[in-house]
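Data from structure.txt: compact mmCIF, C-alpha atoms and all ligand atoms
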# COMPACT_ATOMS: atom_id res chain seq x y z
CA MET Z 1 126.21 135.27 123.58
CA SER Z 2 125.41 132.97 120.70
CA VAL Z 3 126.40 133.75 117.13
CA LEU Z 4 124.18 132.52 114.37
CA THR Z 5 125.64 134.13 111.31
CA PHE Z 6 129.01 134.86 109.80
CA PRO Z 7 128.48 138.03 107.77
CA ALA Z 8 131.25 139.22 105.47
CA THR Z 9 132.50 142.19 107.48
CA THR Z 10 135.15 143.35 105.04
CA THR Z 11 135.29 143.65 101.32
CA THR Z 12 137.79 141.16 100.09
CA ARG Z 13 139.83 141.08 96.93
CA ARG Z 14 138.79 137.93 95.21
CA VAL Z 15 141.26 135.88 93.23
CA ALA Z 16 140.73 136.69 89.53
CA ASP Z 17 138.52 134.31 87.54
CA ASP Z 18 141.27 133.07 85.23
CA GLU Z 19 143.66 132.46 88.13
CA ARG Z 20 140.98 130.53 90.03
CA ALA Z 21 140.19 128.49 86.89
CA ARG Z 22 143.88 127.64 86.57
CA ILE Z 23 144.00 126.43 90.20
CA LEU Z 24 140.76 124.42 89.88
CA ALA Z 25 142.15 122.64 86.79
CA ASP Z 26 144.69 120.88 89.03
CA PRO Z 27 144.12 121.79 92.70
CA GLY Z 28 146.30 119.14 94.40
CA PHE Z 29 145.42 118.67 98.07
CA GLY Z 30 145.45 121.42 100.69
CA THR Z 31 147.76 123.79 98.85
CA HIS Z 32 145.40 126.48 97.51
CA PHE Z 33 142.92 128.46 99.59
CA THR Z 34 139.79 130.47 98.89
CA ASP Z 35 138.94 134.18 99.20
CA PHE Z 36 137.38 134.09 102.68
CA MET Z 37 137.72 132.47 106.07
CA ALA Z 38 135.20 132.29 108.91
CA HIS Z 39 136.18 133.48 112.37
CA ALA Z 40 134.71 133.75 115.87
CA ARG Z 41 136.44 134.43 119.19
CA TRP Z 42 135.67 133.05 122.62
CA THR Z 43 136.76 134.61 125.88
CA ALA Z 44 136.38 133.13 129.33
CA GLU Z 45 134.66 136.35 130.37
CA ASP Z 46 132.09 136.77 127.60
CA GLY Z 47 131.82 133.39 125.87
CA TRP Z 48 131.47 133.31 122.06
CA GLY Z 49 131.52 136.65 120.28
CA PRO Z 50 130.00 137.42 116.87
CA GLY Z 51 131.05 135.49 113.78
CA GLU Z 52 132.54 137.07 110.68
CA LEU Z 53 133.84 136.21 107.24
CA ILE Z 54 137.16 137.91 106.65
CA PRO Z 55 139.66 137.76 103.78
CA TYR Z 56 141.78 134.59 103.81
CA GLY Z 57 145.23 135.58 105.00
CA PRO Z 58 147.91 135.39 107.70
CA LEU Z 59 146.92 135.53 111.37
CA GLN Z 60 148.31 137.97 113.88
CA LEU Z 61 149.32 135.98 116.92
CA SER Z 62 151.37 136.78 119.99
CA PRO Z 63 154.62 134.73 120.07
CA ALA Z 64 153.47 133.81 123.58
CA ALA Z 65 150.12 132.42 122.35
CA ALA Z 66 149.39 129.27 124.33
CA VAL Z 67 148.83 127.08 121.26
CA LEU Z 68 152.39 127.64 120.05
CA HIS Z 69 153.85 126.29 123.29
CA TYR Z 70 151.34 123.81 124.68
CA GLY Z 71 149.46 122.68 121.60
CA GLN Z 72 145.95 123.40 122.84
CA GLU Z 73 144.02 123.03 119.58
CA VAL Z 74 141.45 120.87 117.79
CA PHE Z 75 140.36 120.61 114.18
CA GLU Z 76 137.87 119.03 111.80
CA GLY Z 77 137.93 117.92 108.18
CA MET Z 78 134.94 117.83 105.84
CA LYS Z 79 134.09 118.46 102.19
CA ALA Z 80 131.65 120.43 100.04
CA PHE Z 81 130.60 118.52 96.90
CA ARG Z 82 129.08 120.02 93.77
CA HIS Z 83 126.23 118.03 92.26
CA ALA Z 84 125.41 117.85 88.56
CA ASP Z 85 122.63 120.48 88.89
CA GLY Z 86 125.15 122.99 90.29
CA SER Z 87 123.97 122.76 93.92
CA VAL Z 88 126.57 122.29 96.69
CA TRP Z 89 126.24 119.80 99.54
CA THR Z 90 128.14 118.54 102.53
CA PHE Z 91 128.18 115.14 104.23
CA ARG Z 92 126.88 114.55 107.79
CA PRO Z 93 128.14 117.93 109.09
CA GLU Z 94 126.41 117.50 112.44
CA GLN Z 95 128.78 114.59 113.10
CA ASN Z 96 131.76 116.89 112.64
CA ALA Z 97 130.15 119.56 114.84
CA ARG Z 98 129.61 117.06 117.66
CA ARG Z 99 133.03 115.50 117.30
CA MET Z 100 134.65 118.92 117.50
CA GLN Z 101 132.77 119.44 120.77
CA ARG Z 102 134.08 116.13 122.11
CA SER Z 103 137.62 116.97 120.96
CA ALA Z 104 137.34 120.44 122.51
CA HIS Z 105 136.16 118.95 125.79
CA ARG Z 106 139.18 116.64 125.92
CA MET Z 107 141.55 119.51 125.17
CA ALA Z 108 139.91 121.84 127.74
CA LEU Z 109 138.71 124.16 124.99
CA PRO Z 110 135.22 125.72 124.87
CA GLU Z 111 132.55 123.82 122.95
CA LEU Z 112 131.26 125.61 119.87
CA PRO Z 113 127.45 125.28 119.61
CA GLU Z 114 126.40 122.96 116.79
CA ASP Z 115 124.30 125.61 115.02
CA VAL Z 116 127.22 128.03 115.03
CA PHE Z 117 129.50 125.38 113.55
CA LEU Z 118 126.96 124.65 110.81
CA ALA Z 119 126.41 128.36 110.11
CA SER Z 120 130.16 128.98 109.79
CA VAL Z 121 130.52 126.22 107.21
CA GLN Z 122 127.37 127.15 105.31
CA GLU Z 123 128.18 130.83 105.04
CA LEU Z 124 131.83 130.31 104.15
CA VAL Z 125 130.90 127.94 101.33
CA ALA Z 126 128.19 130.34 100.10
CA ALA Z 127 130.73 133.18 99.93
CA ASP Z 128 133.38 130.97 98.35
CA GLU Z 129 130.96 129.17 96.02
CA PRO Z 130 133.03 129.80 92.83
CA TRP Z 131 135.79 127.74 94.47
CA VAL Z 132 133.72 124.55 94.68
CA PRO Z 133 135.05 122.40 91.82
CA ALA Z 134 132.76 121.15 89.05
CA ALA Z 135 130.69 118.00 89.50
CA ASP Z 136 132.63 115.79 87.10
CA GLY Z 137 135.64 113.97 88.51
CA GLU Z 138 136.37 113.58 92.20
CA GLN Z 139 137.21 117.07 93.31
CA SER Z 140 135.65 118.92 96.20
CA LEU Z 141 136.12 121.94 98.43
CA TYR Z 142 137.90 120.63 101.51
CA LEU Z 143 136.82 122.44 104.69
CA ARG Z 144 139.03 122.78 107.73
CA PRO Z 145 137.39 124.15 110.89
CA PHE Z 146 139.89 124.60 113.74
CA MET Z 147 140.14 126.19 117.14
CA PHE Z 148 143.10 127.11 119.32
CA ALA Z 149 144.12 128.91 122.51
CA SER Z 150 145.43 132.31 121.44
CA GLU Z 151 145.83 133.90 124.85
CA ALA Z 152 149.35 135.23 125.39
CA GLY Z 153 151.20 133.89 128.42
CA LEU Z 154 153.64 131.13 129.26
CA GLY Z 155 151.87 129.81 132.34
CA VAL Z 156 150.43 126.36 131.74
CA ARG Z 157 146.66 126.70 131.96
CA SER Z 158 143.81 126.48 129.51
CA GLY Z 159 143.62 129.63 127.41
CA ALA Z 160 141.10 132.32 128.34
CA VAL Z 161 141.04 133.50 124.72
CA VAL Z 162 140.28 131.00 121.97
CA ASP Z 163 139.92 131.58 118.24
CA TYR Z 164 137.81 129.50 115.87
CA TYR Z 165 138.37 129.61 112.12
CA VAL Z 166 137.21 127.74 109.04
CA ILE Z 167 139.41 127.76 105.95
CA ALA Z 168 138.63 126.07 102.63
CA SER Z 169 140.82 124.48 99.98
CA PRO Z 170 139.78 123.20 96.53
CA SER Z 171 141.12 119.67 96.39
CA GLY Z 172 141.64 116.66 94.18
CA ALA Z 173 143.00 113.28 95.27
CA TYR Z 174 144.56 113.15 98.75
CA PHE Z 175 147.33 110.82 97.67
CA PRO Z 176 149.37 112.16 94.75
CA ARG Z 177 149.00 108.86 92.89
CA GLY Z 178 145.18 108.89 93.20
CA VAL Z 179 143.31 105.71 94.15
CA GLN Z 180 146.24 103.31 94.04
CA PRO Z 181 146.84 100.58 96.62
CA LEU Z 182 148.89 101.96 99.52
CA VAL Z 183 152.01 100.44 100.96
CA VAL Z 184 151.71 100.73 104.76
CA TRP Z 185 154.52 100.45 107.30
CA VAL Z 186 153.53 98.90 110.63
CA SER Z 187 155.29 100.91 113.33
CA GLU Z 188 156.32 98.70 116.21
CA GLU Z 189 158.33 101.41 117.93
CA HIS Z 190 156.16 104.54 117.91
CA SER Z 191 152.59 105.12 119.02
CA ARG Z 192 150.27 107.97 118.12
CA ALA Z 193 148.16 107.74 121.28
CA GLY Z 194 148.11 106.07 124.67
CA ALA Z 195 145.51 104.90 127.17
CA GLY Z 196 143.86 107.91 128.78
CA GLY Z 197 145.54 110.18 126.24
CA THR Z 198 144.16 112.22 123.36
CA GLY Z 199 143.88 109.59 120.62
CA ALA Z 200 140.10 109.98 120.35
CA ALA Z 201 140.36 113.77 119.94
CA LYS Z 202 141.11 115.36 116.59
CA THR Z 203 144.05 117.41 117.81
CA GLY Z 204 147.32 118.40 116.20
CA GLY Z 205 149.51 116.71 118.82
CA ASN Z 206 148.42 113.27 117.66
CA TYR Z 207 149.63 114.17 114.19
CA ALA Z 208 152.88 115.66 115.49
CA SER Z 209 153.63 112.38 117.25
CA SER Z 210 152.97 110.43 114.05
CA LEU Z 211 155.39 112.32 111.81
CA LEU Z 212 158.63 110.56 112.75
CA ALA Z 213 157.01 107.19 112.08
CA LYS Z 214 155.80 108.58 108.77
CA GLN Z 215 159.36 109.50 107.88
CA GLU Z 216 160.43 105.95 108.71
CA ALA Z 217 157.65 104.67 106.49
CA ALA Z 218 158.81 106.84 103.61
CA ALA Z 219 162.37 105.57 104.08
CA ARG Z 220 161.02 102.05 103.51
CA GLY Z 221 159.09 103.06 100.42
CA ALA Z 222 155.74 103.08 102.26
CA ASP Z 223 153.01 105.70 101.82
CA GLU Z 224 151.52 105.52 105.31
CA VAL Z 225 151.97 104.20 108.85
CA MET Z 226 149.83 101.79 110.82
CA PHE Z 227 149.93 102.33 114.58
CA LEU Z 228 149.50 99.64 117.20
CA ASP Z 229 148.18 100.15 120.73
CA SER Z 230 150.82 101.68 123.00
CA GLN Z 231 150.49 99.19 125.86
CA THR Z 232 150.86 95.81 124.21
CA ARG Z 233 151.94 96.72 120.66
CA SER Z 234 149.71 93.91 119.48
CA ARG Z 235 146.40 95.54 118.56
CA ILE Z 236 145.84 97.59 115.40
CA ASP Z 237 144.75 101.15 116.20
CA GLU Z 238 144.66 103.07 112.91
CA LEU Z 239 146.79 104.98 110.42
CA SER Z 240 148.02 108.51 111.23
CA GLY Z 241 144.84 110.06 109.85
CA MET Z 242 142.62 107.23 108.66
CA ASN Z 243 140.74 104.29 110.15
CA VAL Z 244 141.48 100.74 108.98
CA PHE Z 245 139.18 97.99 107.68
CA ALA Z 246 139.72 94.36 106.65
CA ILE Z 247 137.41 92.24 104.46
CA THR Z 248 137.45 88.46 104.74
CA ARG Z 249 136.91 85.74 102.15
CA ASP Z 250 133.65 84.74 103.86
CA GLY Z 251 132.14 88.23 103.58
CA ARG Z 252 132.90 89.87 106.92
CA ILE Z 253 134.14 93.43 107.31
CA LEU Z 254 136.26 94.11 110.40
CA THR Z 255 137.51 97.31 111.97
CA PRO Z 256 139.19 97.98 115.33
CA GLU Z 257 136.69 98.82 118.07
CA LEU Z 258 136.74 102.34 119.49
CA SER Z 259 139.21 101.82 122.28
CA GLY Z 260 139.70 105.41 123.35
CA SER Z 261 142.91 105.77 121.36
CA ILE Z 262 141.20 105.67 117.97
CA LEU Z 263 139.55 108.60 116.21
CA GLU Z 264 135.86 107.97 115.62
CA GLY Z 265 135.74 108.59 111.88
CA VAL Z 266 132.56 109.74 110.16
CA THR Z 267 133.69 107.74 107.12
CA ARG Z 268 134.24 104.71 109.37
CA ASP Z 269 130.71 104.95 110.74
CA SER Z 270 129.22 105.42 107.27
CA ILE Z 271 131.11 102.42 105.86
CA LEU Z 272 129.82 100.17 108.65
CA GLN Z 273 126.28 101.22 107.71
CA LEU Z 274 126.79 100.73 103.96
CA ALA Z 275 128.53 97.38 104.47
CA ARG Z 276 125.71 96.03 106.64
CA ASP Z 277 123.18 97.04 103.99
CA ARG Z 278 125.23 95.19 101.38
CA GLY Z 279 124.92 92.03 103.42
CA LEU Z 280 128.42 92.04 104.84
CA GLU Z 281 128.66 91.03 108.46
CA ALA Z 282 130.27 94.07 110.08
CA SER Z 283 132.22 93.74 113.29
CA GLU Z 284 134.01 96.27 115.48
CA GLN Z 285 136.52 94.24 117.44
CA ILE Z 286 140.09 93.91 118.62
CA LEU Z 287 142.28 93.22 115.59
CA LEU Z 288 145.60 91.68 116.56
CA ILE Z 289 148.34 92.49 114.09
CA ASP Z 290 149.74 88.95 114.26
CA ASP Z 291 146.34 87.45 113.43
CA VAL Z 292 145.81 89.89 110.59
CA LEU Z 293 149.23 89.12 109.09
CA GLU Z 294 148.53 85.39 109.39
CA GLN Z 295 145.10 85.79 107.77
CA ILE Z 296 146.60 87.83 104.95
CA ARG Z 297 149.14 85.04 104.43
CA SER Z 298 146.45 82.33 104.45
CA GLY Z 299 144.12 84.26 102.16
CA GLU Z 300 141.43 84.54 104.85
CA ILE Z 301 141.71 88.33 104.67
CA THR Z 302 141.28 89.32 101.03
CA GLU Z 303 141.14 93.12 101.26
CA LEU Z 304 142.45 95.84 103.54
CA PHE Z 305 141.65 99.51 103.21
CA ALA Z 306 141.98 102.91 104.88
CA ALA Z 307 139.09 105.33 105.37
CA GLY Z 308 138.77 109.04 106.09
CA THR Z 309 137.17 112.16 104.64
CA ALA Z 310 140.22 113.29 102.67
CA ALA Z 311 141.02 110.03 100.83
CA VAL Z 312 137.49 108.54 101.27
CA ILE Z 313 138.37 104.84 100.92
CA ASN Z 314 141.81 103.80 99.76
CA PRO Z 315 142.92 100.19 99.24
CA ILE Z 316 145.99 98.94 101.09
CA GLY Z 317 148.01 96.63 98.85
CA GLU Z 318 150.88 95.73 101.12
CA LEU Z 319 151.91 95.80 104.78
CA VAL Z 320 155.57 96.16 105.64
CA THR Z 321 156.91 95.12 109.06
CA THR Z 322 160.38 94.48 110.46
CA GLN Z 323 159.66 90.79 109.64
CA GLY Z 324 158.88 91.22 105.97
CA ARG Z 325 156.26 92.26 103.46
CA TRP Z 326 152.68 91.01 103.29
CA THR Z 327 150.76 91.43 100.04
CA ILE Z 328 146.99 91.60 100.51
CA GLY Z 329 145.09 89.63 97.86
CA ASP Z 330 146.90 90.23 94.60
CA GLY Z 331 148.16 93.58 95.85
CA GLY Z 332 145.64 95.48 93.76
CA SER Z 333 142.40 97.26 94.60
CA GLY Z 334 139.87 94.85 96.10
CA GLU Z 335 136.42 94.47 94.60
CA ALA Z 336 134.41 95.08 97.78
CA THR Z 337 136.65 98.03 98.68
CA LEU Z 338 136.03 99.70 95.33
CA ALA Z 339 132.29 98.93 95.49
CA LEU Z 340 132.00 100.61 98.89
CA ARG Z 341 134.01 103.56 97.61
CA GLU Z 342 131.78 103.87 94.55
CA GLU Z 343 128.66 103.82 96.71
CA LEU Z 344 129.90 106.35 99.25
CA THR Z 345 131.19 108.81 96.65
CA GLY Z 346 127.99 108.21 94.62
CA ILE Z 347 125.92 109.44 97.58
CA GLN Z 348 128.27 112.36 98.25
CA TYR Z 349 128.22 113.60 94.64
CA GLY Z 350 124.47 113.09 94.28
CA ARG Z 351 124.78 110.28 91.72
CA LEU Z 352 123.03 107.84 94.07
CA GLU Z 353 120.01 108.30 96.28
CA ASP Z 354 120.79 109.71 99.73
CA ARG Z 355 118.84 107.01 101.52
CA TYR Z 356 120.19 107.78 104.98
CA GLY Z 357 119.63 111.56 104.87
CA TRP Z 358 123.37 112.13 105.13
CA MET Z 359 123.63 115.06 102.75
CA GLN Z 360 122.97 118.66 103.71
CA ARG Z 361 122.57 121.35 101.08
CA LEU Z 362 124.85 124.40 101.46
CA VAL Z 363 124.23 126.38 98.25
C1 LIG Z 401 140.09 112.66 110.85
C2 LIG Z 401 140.69 111.36 111.20
C3 LIG Z 401 140.15 110.14 110.76
C4 LIG Z 401 139.02 110.05 109.78
O1 LIG Z 401 137.84 110.64 110.23
P1 LIG Z 401 136.72 111.06 109.18
O2 LIG Z 401 135.65 111.66 110.02
O3 LIG Z 401 136.28 109.84 108.50
O4 LIG Z 401 137.34 112.03 108.25
C5 LIG Z 401 140.73 108.97 111.21
N1 LIG Z 401 141.78 108.98 112.04
C6 LIG Z 401 142.32 110.13 112.49
C7 LIG Z 401 143.48 110.07 113.40
C8 LIG Z 401 141.80 111.36 112.08
O5 LIG Z 401 142.35 112.48 112.52
Now that the file is in, can you turn its structure into structure tokens?
Amino acid sequence: MSVLTFPATTTTRRVADDERARILADPGFGTHFTDFMAHARWTAEDGWGPGELIPYGPLQLSPAAAVLHYGQEVFEGMKAFRHADGSVWTFRPEQNARRMQRSAHRMALPELPEDVFLASVQELVAADEPWVPAADGEQSLYLRPFMFASEAGLGVRSGAVVDYYVIASPSGAYFPRGVQPLVVWVSEEHSRAGAGGTGAAKTGGNYASSLLAKQEAAARGADEVMFLDSQTRSRIDELSGMNVFAITRDGRILTPELSGSILEGVTRDSILQLARDRGLEASEQILLIDDVLEQIRSGEITELFAAGTAAVINPIGELVTTQGRWTIGDGGSGEATLALREELTGIQYGRLEDRYGWMQRLV
């Protein structure tokens, strides 16, 4: 059975207007949640059941639920943006719908039909519309669709009961310091993904395996970790949750090719398109860490940045390795990096023409 709508099945107690206004004045990232959440359940017997919007709140889960033991889950991350005329839009949602299907396939979870994914997001945002921050500034309603095996049982098999939810969180800057150049630790010891593994799927396990390296980064005063390929430890993969780009003095923009252990970012794809239209020569290729460090040293690479939905585009000012510290350019925010960021956020917030048809209206 296919579900096309997510009706609000229960009356929910909405957060009071003044309390919501207080939260929206300084939302932080991923710490406050809205009134509703979307839900649908899949069973091996009957497929997808009807969708519903229910009050945001704790889940009831068997302690033997498969996800808690074997990590069978996938997720997505997207945003709803308010435009100056009050309307609310999201960015390339069909890309997230399809990627969640690819992630689900890799994790032996059922694929949610694209129209159901889109309906869940649309109807949640419509119900939670007062939670979409105002158009000024750089705030948005962050959306987190996710799906996990909830069947109880300790046998290792793919779950016959799977729950899909979407939760929403009013959000400001992803990094507490805002758009400031990041210091990034290059992890030579730990990998987030291996050949044939789950690196191309958006699944919690990849994040779990990145956390220790992130702690090591923090101990060295770094904000983030850069992971290398697990086999040779020579090729740049990506950060724990963001893709990586380099810009060269002669106007090229480089990013690691999709090797199977890299997440195919929607932001990454959009940046390649924008960069090409700006006359930058864009190349998806193997990026060897030693070459990149050398080219930072020689001034051949002038800018480095990280890209993902949450932080959009964030300059990287410095790389830290066991060998030393490499300052990119003057360590500040690069000109081309900021121009790309301005253009992408301009399209998302409706300040610039949506010339690729990337935006979809929600409310
Ligand atoms: C989500 C994610 C990204 C960024 O993808 P976007 O679609 O641009 O948000 C990059 N790397 C990893 C590991 C991710 O999980």
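Shortest atom-to-atom contact with ligand LIG 401 (chain Z) among Z:Gly324, Z:Pro176, Z:Gly204, Z:Gly86: Z:Gly204, counting only C-alpha atoms and all ligand atoms.
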Per-residue nearest contacts of chain Z to ligand LIG 401 (chain Z) (8 Å; all atoms listed in the file) as CSV:
residue,atom,partner,partner_atom,distance
Z:Glu76,CA,Z:LIG401,C1,6.8
Z:Gly77,CA,Z:LIG401,O4,5.9
Z:Met78,CA,Z:LIG401,O4,6.7
Z:Asn96,CA,Z:LIG401,O2,7.0
Z:Gly199,CA,Z:LIG401,C7,7.2
Z:Ala200,CA,Z:LIG401,C7,7.7
Z:Ala201,CA,Z:LIG401,O5,7.8
Z:Lys202,CA,Z:LIG401,O5,5.1
Z:Thr203,CA,Z:LIG401,O5,7.4
Z:Asn206,CA,Z:LIG401,C7,7.3
Z:Tyr207,CA,Z:LIG401,C7,7.4
Z:Glu238,CA,Z:LIG401,N1,6.6
Z:Leu239,CA,Z:LIG401,N1,6.6
Z:Ser240,CA,Z:LIG401,C7,5.3
Z:Gly241,CA,Z:LIG401,C6,3.7
Z:Met242,CA,Z:LIG401,C5,3.6
Z:Asn243,CA,Z:LIG401,C5,4.8
Z:Ile262,CA,Z:LIG401,C7,6.7
Z:Leu263,CA,Z:LIG401,N1,4.7
Z:Glu264,CA,Z:LIG401,O1,6.3
Z:Gly265,CA,Z:LIG401,O1,3.4
Z:Val266,CA,Z:LIG401,O2,3.6
Z:Thr267,CA,Z:LIG401,O3,3.6
Z:Arg268,CA,Z:LIG401,O3,5.6
Z:Asp269,CA,Z:LIG401,O3,7.7
Z:Ala307,CA,Z:LIG401,O3,6.2
Z:Gly308,CA,Z:LIG401,O3,3.6
Z:Thr309,CA,Z:LIG401,O4,3.6
Z:Ala310,CA,Z:LIG401,O4,6.4
Z:Val312,CA,Z:LIG401,O3,7.4
Residues of stretch 202-250 of chain Z within 10 Å of stretch 336-346 of chain Z: nearest atom pair and distance (Å, one decimal) for each, counting all atoms listed in the file, sorted by chain and number, as a Markdown table?
| residue | atom | partner | partner_atom | distance |
| --- | --- | --- | --- | --- |
| Z:Phe245 | CA | Z:Thr337 | CA | 9.3 |
| Z:Ala246 | CA | Z:Thr337 | CA | 9.3 |
| Z:Ile247 | CA | Z:Ala336 | CA | 7.9 |
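The gap separating atom CA of Z:Arg276 from atom CA of Z:Thr248 is 14.1 Å, in Å to one decimal.
Atom CA of Z:Glu318 sits 15.7 Å away from atom CA of Z:Lys214.
One finds atom CA of Z:Gly51 at 22.3 Å from atom CA of Z:Met107.
Surrounding residues of (129.3, 120.6, 115.9) at most 8 Å away are Pro93, Glu94, Gln95, Asn96, Ala97, Arg98, Arg99, Met100, Gln101, Leu112, Pro113, Glu114, Asp115, Val116, Phe117 and Leu118 of chain Z (based on only C-alpha atoms).
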Selection near stretch 4-8 of chain Z, 7 Å with all atoms listed in the file, sequence-local residues under 5 positions removed, as a tab-separated table (two decimals) with C-alpha atoms, in the coordinates of the input:
chain	number	residue	atom	x	y	z
Z	38	ALA	CA	135.20	132.29	108.91
Z	51	GLY	CA	131.05	135.49	113.78
Z	52	GLU	CA	132.54	137.07	110.68
Z	53	LEU	CA	133.84	136.21	107.24
Z	54	ILE	CA	137.16	137.91	106.65
Z	115	ASP	CA	124.30	125.61	115.02
Z	116	VAL	CA	127.22	128.03	115.03
Z	119	ALA	CA	126.41	128.36	110.11
Z	120	SER	CA	130.16	128.98	109.79
Z	123	GLU	CA	128.18	130.83	105.04
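Among Z:Leu362, Z:Arg235, Z:Ser210, Z:Leu182, the residue with the shortest atom-to-atom distance to Z:Gly331, counting all atoms listed in the file, is Z:Leu182.
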